[in-house]
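These notes are about the structure you will find just below.
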Amino acid sequence: MRIEQLIHLIGVVKYKSLTKASQKLFITPQALHISLRRMEEELNCSILQKEHDGFVLTEEGKIFYQSAAKILDEYNSAVQELEYIRYNRKKDLEGVLYIYANMVFKRKFLQNVVKIFQNKYPRVQLLFFESDTVTTYMKFNEAEQSDIAKIGFLQVPTINNKINKNWTDTNNYQFTPLFNAEFYACANPKMNFANKESIKKLLEYPVTLYAANEKSIISTKKDFANPLILLLSEQGEIKIHSAVNSMEIWAHTIENNNCIGFINNFLADNNEEVIKNLQLIQIKEPLKTTMGFISPKKNNKLIDAFIKETKFYISCSQFNY
C-alpha cells in the first residue's frame, strides 16, 4: 500500500465525494476510484460505502482510518525532520524577505509556513506587508533593493480552465501556482437567494469587495484590475457598493445591506468565522482563480527555499486530517 492511497482515503472521507476530492488531489475521479478499490482488495474488506449524502466509512473503515491518519502524521513528521537535516547540512541562508499578502490568507495559510521556515532558517528576516492583489503587483514594479528579496501571494484569474498569463508580466516575473480555488457568493439570508444562482441574477445587486483599493476596481483594457472584477466583468455589468480592506466590515456590510459579496472557497471551506451569519451561494458559472506566488525571474536561493517550503506544507496539510 502506498502513502498516496492513504491521502486519497482521507480526501474522500472529508469531502464525501469522489469528484470533489479528485479536484483537490488533481487526479481524475476514475483514478481515485481505482486507488480506493485496490486498497479495499488489499485489506480484503470494504472501507467506504455510498449513502444518500455521499461516501462514509464502514465499521472496518473507521478502524483503518484512525490508523491511516496516524501513519500519515508520522510520515509527514519524518519527512519534515529529514528536510530539516538536509537544509542544515548546507550553508545557512540569511537575508531579508518581504512578503506581500492579504492578511486573511496570511493568518489562514502563510502563518504556519512562516513558523516552519523560521525554525529552519533563523538568520532570515521575514517581513509581512498587508497588500491586496493589485497593490502587490504594483510593488513589483517599484525599484528593487539589491539586498532584499520579495515575493507576493496572488490570485490569478482562470479563464476557460487556463491561467490568464496576460495578467502578469511574464517577461520580468515568474508566477508559481500553488492551488486552485473558486468563489462563492455571500448574501443576507433574508434576500432569499437559491442555493445555486447564476451570475446574471447575482449581478442585479451591488457588490461589496474585500481586499481591494480604488484603483483595483476599475476594469479597462489598459488598467490592471482586481481578478474578481475581471472574472465578473466577463459575465455582465458590475455595480460596486463599496470596497473595504477589513473582512469584518465586508461581512457586516453584506449582512446589513441589499448587496452581495464573493469569497474564495479556500476561506469558506475553512469555516471563516465572520461569514457565519451570511448565506453561501454556489455559482452556476464558476469563477475560478489560481493561488500562487509572484517573484522576480532571476534566481534567488531565499525565495526558492520559501516556495519549496510552502509547496511541502500544502502537500502535508491538504486535507487537515
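Every chain in the C-alpha cells takes a letter, A first, then B, and so on in the order presented; its residues are numbered from 1, and the ligands are numbered from 1 following the presented order.
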
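Residues lying within 8 Å of stretch 112-129 of chain A, counting only C-alpha atoms and ignoring same-chain neighbours fewer than 6 positions away, are A:Tyr84, A:Tyr87, A:Asn88, A:Asp92, A:Leu93, A:Glu94, A:Gly95, A:Val96, A:Leu97, A:Tyr98, A:Ile99, A:Tyr100, A:Ala101, A:Phe306, A:Glu309, A:Thr310, A:Tyr313.
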
Inset, instruction - Write out as number ranges by chain which residues come within 7 Å of A:Gln282 when counting only C-alpha atoms, dropping same-chain ones fewer than 5 positions away. - result: A: 184-185, 195-197

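The neighbours of A:Thr253 here are the residues that come within 12 Å of it, using only C-alpha atoms and leaving out any residue fewer than 2 positions away in the same chain; they are Cys186, Ala187, Asn188, Pro206, Val207, Thr208, Leu209, Tyr210, His241, Ser242, Ala243, Val244, Ser246, Met247, Glu248, Ile249, Trp250, Ala251, Glu255, Asn256, Asn257, Asn258, Cys259, Ile260, Gly261, Val274, Ile275, Asn277 and Leu278 of chain A.
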
Next, the residues of the selection above should be written as an mmCIF file, in the first residue's frame with N, CA and C atoms.
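File result36.cif, as written:
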data_model
loop_
_atom_site.group_PDB
_atom_site.id
_atom_site.type_symbol
_atom_site.label_atom_id
_atom_site.label_comp_id
_atom_site.auth_asym_id
_atom_site.auth_seq_id
_atom_site.Cartn_x
_atom_site.Cartn_y
_atom_site.Cartn_z
ATOM 1 N N CYS A 186 -21.890 35.564 -1.349
ATOM 2 C CA CYS A 186 -22.393 35.699 0.011
ATOM 3 C C CYS A 186 -23.501 36.746 0.034
ATOM 4 N N ALA A 187 -24.546 36.490 0.820
ATOM 5 C CA ALA A 187 -25.649 37.451 0.907
ATOM 6 C C ALA A 187 -26.351 37.309 2.247
ATOM 7 N N ASN A 188 -27.129 38.336 2.592
ATOM 8 C CA ASN A 188 -28.004 38.248 3.750
ATOM 9 C C ASN A 188 -29.047 37.158 3.477
ATOM 10 N N PRO A 206 -25.823 45.267 -6.049
ATOM 11 C CA PRO A 206 -24.472 45.851 -5.941
ATOM 12 C C PRO A 206 -23.530 44.915 -5.189
ATOM 13 N N VAL A 207 -22.250 45.040 -5.487
ATOM 14 C CA VAL A 207 -21.232 44.135 -4.942
ATOM 15 C C VAL A 207 -20.340 44.883 -3.954
ATOM 16 N N THR A 208 -20.102 44.252 -2.808
ATOM 17 C CA THR A 208 -19.127 44.766 -1.836
ATOM 18 C C THR A 208 -17.861 43.939 -1.964
ATOM 19 N N LEU A 209 -16.757 44.602 -2.216
ATOM 20 C CA LEU A 209 -15.485 43.921 -2.450
ATOM 21 C C LEU A 209 -14.627 43.932 -1.195
ATOM 22 N N TYR A 210 -13.938 42.822 -0.975
ATOM 23 C CA TYR A 210 -12.985 42.745 0.132
ATOM 24 C C TYR A 210 -11.558 42.747 -0.425
ATOM 25 N N HIS A 241 -20.931 48.508 -4.638
ATOM 26 C CA HIS A 241 -21.496 49.137 -3.438
ATOM 27 C C HIS A 241 -20.383 49.774 -2.616
ATOM 28 N N SER A 242 -19.293 49.023 -2.381
ATOM 29 C CA SER A 242 -18.157 49.522 -1.602
ATOM 30 C C SER A 242 -16.984 48.575 -1.763
ATOM 31 N N ALA A 243 -15.792 49.072 -1.415
ATOM 32 C CA ALA A 243 -14.578 48.255 -1.416
ATOM 33 C C ALA A 243 -13.861 48.511 -0.093
ATOM 34 N N VAL A 244 -13.626 47.461 0.676
ATOM 35 C CA VAL A 244 -13.067 47.612 2.020
ATOM 36 C C VAL A 244 -11.863 46.693 2.197
ATOM 37 N N SER A 246 -11.167 45.339 5.331
ATOM 38 C CA SER A 246 -11.405 44.564 6.545
ATOM 39 C C SER A 246 -12.477 43.521 6.241
ATOM 40 N N MET A 247 -12.171 42.272 6.514
ATOM 41 C CA MET A 247 -13.143 41.221 6.241
ATOM 42 C C MET A 247 -14.365 41.355 7.148
ATOM 43 N N GLU A 248 -14.144 41.828 8.381
ATOM 44 C CA GLU A 248 -15.260 42.019 9.299
ATOM 45 C C GLU A 248 -16.219 43.089 8.775
ATOM 46 N N ILE A 249 -15.663 44.213 8.281
ATOM 47 C CA ILE A 249 -16.507 45.270 7.724
ATOM 48 C C ILE A 249 -17.219 44.779 6.469
ATOM 49 N N TRP A 250 -16.506 44.016 5.664
ATOM 50 C CA TRP A 250 -17.079 43.435 4.437
ATOM 51 C C TRP A 250 -18.309 42.592 4.775
ATOM 52 N N ALA A 251 -18.174 41.684 5.747
ATOM 53 C CA ALA A 251 -19.277 40.804 6.125
ATOM 54 C C ALA A 251 -20.425 41.610 6.752
ATOM 55 N N GLU A 255 -24.302 41.836 5.453
ATOM 56 C CA GLU A 255 -25.358 41.409 6.367
ATOM 57 C C GLU A 255 -26.427 42.481 6.559
ATOM 58 N N ASN A 256 -26.049 43.747 6.440
ATOM 59 C CA ASN A 256 -26.973 44.829 6.758
ATOM 60 C C ASN A 256 -27.412 45.665 5.560
ATOM 61 N N ASN A 257 -27.084 45.208 4.359
ATOM 62 C CA ASN A 257 -27.485 45.931 3.154
ATOM 63 C C ASN A 257 -27.923 44.938 2.078
ATOM 64 N N ASN A 258 -28.647 45.422 1.106
ATOM 65 C CA ASN A 258 -29.057 44.569 -0.009
ATOM 66 C C ASN A 258 -27.955 44.515 -1.059
ATOM 67 N N CYS A 259 -26.835 43.959 -0.643
ATOM 68 C CA CYS A 259 -25.707 43.795 -1.562
ATOM 69 C C CYS A 259 -25.130 42.400 -1.362
ATOM 70 N N ILE A 260 -24.241 42.012 -2.241
ATOM 71 C CA ILE A 260 -23.636 40.683 -2.157
ATOM 72 C C ILE A 260 -22.117 40.815 -2.142
ATOM 73 N N GLY A 261 -21.460 39.738 -1.767
ATOM 74 C CA GLY A 261 -20.001 39.676 -1.804
ATOM 75 C C GLY A 261 -19.569 38.348 -2.382
ATOM 76 N N VAL A 274 -16.275 34.980 10.345
ATOM 77 C CA VAL A 274 -17.017 36.212 10.049
ATOM 78 C C VAL A 274 -18.169 36.004 9.065
ATOM 79 N N ILE A 275 -18.210 34.861 8.385
ATOM 80 C CA ILE A 275 -19.306 34.655 7.424
ATOM 81 C C ILE A 275 -20.425 33.782 7.986
ATOM 82 N N ASN A 277 -23.020 34.405 9.631
ATOM 83 C CA ASN A 277 -24.379 34.944 9.515
ATOM 84 C C ASN A 277 -24.805 35.190 8.069
ATOM 85 N N LEU A 278 -23.966 34.789 7.116
ATOM 86 C CA LEU A 278 -24.269 35.020 5.709
ATOM 87 C C LEU A 278 -24.668 33.724 5.011
#

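If you look at atom CA of A:Val13 and atom CA of A:Asn265, they are 18.5 Å away from each other.
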
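Once A:Glu4 and its same-chain neighbours fewer than 5 positions away are set aside, A:Leu9, A:Ile10, A:Gly11, A:Leu25, A:Ile27, A:Ala31, A:Leu32, A:Ser35, A:Leu36, A:Met39, A:Ala68, A:Ile71, A:Leu72, A:Tyr75, A:Ser315, A:Cys316 remain within 12 Å of it when counting only C-alpha atoms.
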
Legend entry - Atom pair atom CA of A:Lys150 / atom CA of A:Leu302: separation (Å): 9.4 Å

Inset, instruction - Kindly give the distance, in Å, that separates atom CA of A:Lys62 and atom CA of A:Ser17, rounded to a single decimal. - result: 17.0 Å

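Shortest separation to A:Asp304 among A:Gln174, A:Ser22, A:Asn264, A:Thr289 occurs at residue A:Gln174, atoms counted being only C-alpha atoms.
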
Per DSSP on the backbone, what are the strand (DSSP E) residues of stretch 233-312 of chain A, as a PDB file with C-alpha atoms, in the first residue's frame?
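As written to disk, out_23.pdb reads:
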ATOM      1  CA  ILE A 240     -19.972  48.498  -6.868  1.00  0.00           C
ATOM      2  CA  HIS A 241     -21.496  49.137  -3.438  1.00  0.00           C
ATOM      3  CA  SER A 242     -18.157  49.522  -1.602  1.00  0.00           C
ATOM      4  CA  ALA A 243     -14.578  48.255  -1.416  1.00  0.00           C
ATOM      5  CA  VAL A 244     -13.067  47.612   2.020  1.00  0.00           C
ATOM      6  CA  GLY A 261     -20.001  39.676  -1.804  1.00  0.00           C
ATOM      7  CA  PHE A 262     -17.750  36.962  -3.123  1.00  0.00           C
ATOM      8  CA  ILE A 263     -15.440  34.775  -1.039  1.00  0.00           C
ATOM      9  CA  ASN A 264     -12.786  32.292  -2.073  1.00  0.00           C
ATOM     10  CA  GLN A 279     -25.775  32.696   3.134  1.00  0.00           C
ATOM     11  CA  LEU A 280     -23.174  30.931   0.999  1.00  0.00           C
ATOM     12  CA  ILE A 281     -24.348  30.626  -2.601  1.00  0.00           C
ATOM     13  CA  GLN A 282     -22.806  28.380  -5.232  1.00  0.00           C
ATOM     14  CA  ILE A 283     -22.378  29.996  -8.649  1.00  0.00           C
ATOM     15  CA  LYS A 288     -12.035  30.209 -10.830  1.00  0.00           C
ATOM     16  CA  THR A 289      -8.656  31.511  -9.697  1.00  0.00           C
ATOM     17  CA  THR A 290      -5.202  30.078  -9.169  1.00  0.00           C
ATOM     18  CA  MET A 291      -3.449  30.951  -5.923  1.00  0.00           C
ATOM     19  CA  GLY A 292       0.303  31.339  -6.072  1.00  0.00           C
ATOM     20  CA  PHE A 293       3.441  33.432  -5.707  1.00  0.00           C
ATOM     21  CA  ILE A 294       4.815  36.167  -7.926  1.00  0.00           C
ATOM     22  CA  SER A 295       8.572  36.665  -7.704  1.00  0.00           C
ATOM     23  CA  PRO A 296      11.420  38.092  -9.798  1.00  0.00           C
TER      24      PRO A 296
END

Mind checking which residues fall within 12 Å of A:Leu43, counting only C-alpha atoms, ignoring those fewer than 5 positions away in the same chain, and posting them as a tab-separated table (two decimals) with C-alpha atoms, in the first residue's frame?
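That gives us around.tsv:
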chain	number	residue	atom	x	y	z
A	1	MET	CA	0.00	0.00	0.00
A	36	LEU	CA	-9.53	3.04	-3.27
A	37	ARG	CA	-10.74	-0.21	-4.84
A	38	ARG	CA	-7.19	-1.61	-4.81
A	60	GLU	CA	-13.99	-1.61	9.34
A	61	GLY	CA	-13.18	1.63	7.56
A	64	PHE	CA	-8.49	1.61	9.47

Inset, instruction - Please report, as a VMD selection string, each residue of stretch 9-196 of chain A to which DSSP assigns alpha helix (DSSP H) when run on this structure's backbone. - result: chain A and resid 9 to 15 18 to 25 29 to 43 59 to 89 103 to 105 111 to 120 133 to 139

Keeping only C-alpha atoms, write the selected residues as a compact mmCIF listing (two decimals), in the first residue's frame.
# COMPACT_ATOMS: atom_id res chain seq x y z
CA LEU A 9 -8.88 7.87 1.50
CA ILE A 10 -8.67 10.90 3.79
CA GLY A 11 -9.70 13.17 0.94
CA VAL A 12 -12.84 11.19 0.12
CA VAL A 13 -13.80 10.93 3.79
CA LYS A 14 -13.50 14.69 4.20
CA TYR A 15 -15.45 15.69 1.10
CA LEU A 18 -15.04 11.30 -5.42
CA THR A 19 -15.46 14.28 -7.73
CA LYS A 20 -14.64 16.98 -5.18
CA ALA A 21 -11.79 15.00 -3.60
CA SER A 22 -10.28 14.29 -7.03
CA GLN A 23 -10.33 18.03 -7.81
CA LYS A 24 -8.42 18.78 -4.62
CA LEU A 25 -5.93 15.99 -5.36
CA PRO A 29 -12.31 10.54 -10.31
CA GLN A 30 -11.62 7.30 -12.18
CA ALA A 31 -8.03 7.14 -10.89
CA LEU A 32 -9.22 7.89 -7.36
CA HIS A 33 -11.85 5.14 -7.58
CA ILE A 34 -9.24 2.61 -8.77
CA SER A 35 -6.86 3.61 -5.95
CA LEU A 36 -9.53 3.04 -3.27
CA ARG A 37 -10.74 -0.21 -4.84
CA ARG A 38 -7.19 -1.61 -4.81
CA MET A 39 -6.84 -0.59 -1.16
CA GLU A 40 -10.00 -2.50 -0.27
CA GLU A 41 -8.81 -5.52 -2.23
CA GLU A 42 -5.51 -5.47 -0.35
CA LEU A 43 -7.28 -5.17 3.02
CA GLU A 59 -17.21 0.00 10.63
CA GLU A 60 -13.99 -1.61 9.34
CA GLY A 61 -13.18 1.63 7.56
CA LYS A 62 -13.44 3.65 10.79
CA ILE A 63 -10.84 1.43 12.44
CA PHE A 64 -8.49 1.61 9.47
CA TYR A 65 -8.99 5.38 9.05
CA GLN A 66 -7.69 6.09 12.56
CA SER A 67 -4.50 4.17 11.82
CA ALA A 68 -4.16 5.78 8.37
CA ALA A 69 -4.28 9.29 9.88
CA LYS A 70 -1.60 8.36 12.44
CA ILE A 71 0.61 6.82 9.73
CA LEU A 72 0.37 9.96 7.60
CA ASP A 73 1.10 12.16 10.60
CA GLU A 74 4.23 10.16 11.42
CA TYR A 75 5.27 10.07 7.77
CA ASN A 76 4.98 13.84 7.38
CA SER A 77 6.88 14.42 10.63
CA ALA A 78 9.67 12.15 9.44
CA VAL A 79 9.86 13.92 6.06
CA GLN A 80 9.99 17.31 7.76
CA GLU A 81 12.80 16.13 10.02
CA LEU A 82 14.78 14.82 7.04
CA GLU A 83 14.22 18.12 5.24
CA TYR A 84 15.49 19.97 8.30
CA ILE A 85 18.64 17.85 8.44
CA ARG A 86 19.20 18.24 4.69
CA TYR A 87 18.87 22.00 4.81
CA ASN A 88 21.14 22.35 7.80
CA ARG A 89 23.91 20.47 6.04
CA MET A 103 -3.80 39.32 5.91
CA VAL A 104 -6.60 36.74 5.91
CA PHE A 105 -4.52 34.45 3.72
CA GLN A 111 1.41 31.91 9.03
CA ASN A 112 2.13 28.21 9.52
CA VAL A 113 4.59 28.19 6.63
CA VAL A 114 6.45 31.12 8.18
CA LYS A 115 6.79 29.36 11.55
CA ILE A 116 8.32 26.28 9.92
CA PHE A 117 10.56 28.37 7.67
CA GLN A 118 11.91 30.50 10.53
CA ASN A 119 12.72 27.39 12.57
CA LYS A 120 14.84 26.15 9.68
CA THR A 133 -3.51 41.53 -5.28
CA VAL A 134 -3.27 44.72 -7.33
CA THR A 135 -1.08 46.54 -4.80
CA THR A 136 1.21 43.51 -4.66
CA TYR A 137 1.68 43.61 -8.40
CA MET A 138 2.37 47.34 -8.28
CA LYS A 139 5.04 46.82 -5.61

Legend entry - Spatial neighbours of A:Thr158, max dist 12 Å, only C-alpha atoms, sep filter under 6 positions, as a list in words: Asn164, Lys165, Asn166, Trp167, Pro177, Phe179, Asn180, Ala181, Glu182, Phe183, Pro227, Leu228, Leu230, Leu231, Leu232, Glu234, Pro286, Leu287, Lys288, Thr289, Thr290 and Met291 of chain A

Prev. selection, C-alpha atoms, output as a PDB file, in the first residue's frame:
ATOM      1  CA  ASN A 164      -4.550  34.050 -17.556  1.00  0.00           C
ATOM      2  CA  LYS A 165      -0.869  34.513 -18.407  1.00  0.00           C
ATOM      3  CA  ASN A 166      -1.512  38.009 -19.727  1.00  0.00           C
ATOM      4  CA  TRP A 167      -2.439  39.041 -16.200  1.00  0.00           C
ATOM      5  CA  PRO A 177       0.934  28.159  -8.903  1.00  0.00           C
ATOM      6  CA  PHE A 179      -3.504  25.539  -5.649  1.00  0.00           C
ATOM      7  CA  ASN A 180      -6.760  26.257  -7.474  1.00  0.00           C
ATOM      8  CA  ALA A 181      -9.856  27.822  -5.953  1.00  0.00           C
ATOM      9  CA  GLU A 182     -13.183  29.350  -6.928  1.00  0.00           C
ATOM     10  CA  PHE A 183     -15.606  31.867  -5.478  1.00  0.00           C
ATOM     11  CA  PRO A 227      -9.048  39.457 -10.524  1.00  0.00           C
ATOM     12  CA  LEU A 228     -12.598  39.066  -9.217  1.00  0.00           C
ATOM     13  CA  LEU A 230     -12.110  40.772 -14.288  1.00  0.00           C
ATOM     14  CA  LEU A 231     -13.991  37.496 -13.865  1.00  0.00           C
ATOM     15  CA  LEU A 232     -17.300  39.213 -13.091  1.00  0.00           C
ATOM     16  CA  GLU A 234     -16.849  38.692 -18.344  1.00  0.00           C
ATOM     17  CA  PRO A 286     -17.797  29.016 -11.666  1.00  0.00           C
ATOM     18  CA  LEU A 287     -15.420  31.927 -11.081  1.00  0.00           C
ATOM     19  CA  LYS A 288     -12.035  30.209 -10.830  1.00  0.00           C
ATOM     20  CA  THR A 289      -8.656  31.511  -9.697  1.00  0.00           C
ATOM     21  CA  THR A 290      -5.202  30.078  -9.169  1.00  0.00           C
ATOM     22  CA  MET A 291      -3.449  30.951  -5.923  1.00  0.00           C
TER      23      MET A 291
END

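In this comparison, which uses only C-alpha atoms, the residue of A:Ile307, A:Ile254, A:Ile7, A:Leu202 approaching A:Phe153 most closely is A:Ile307.
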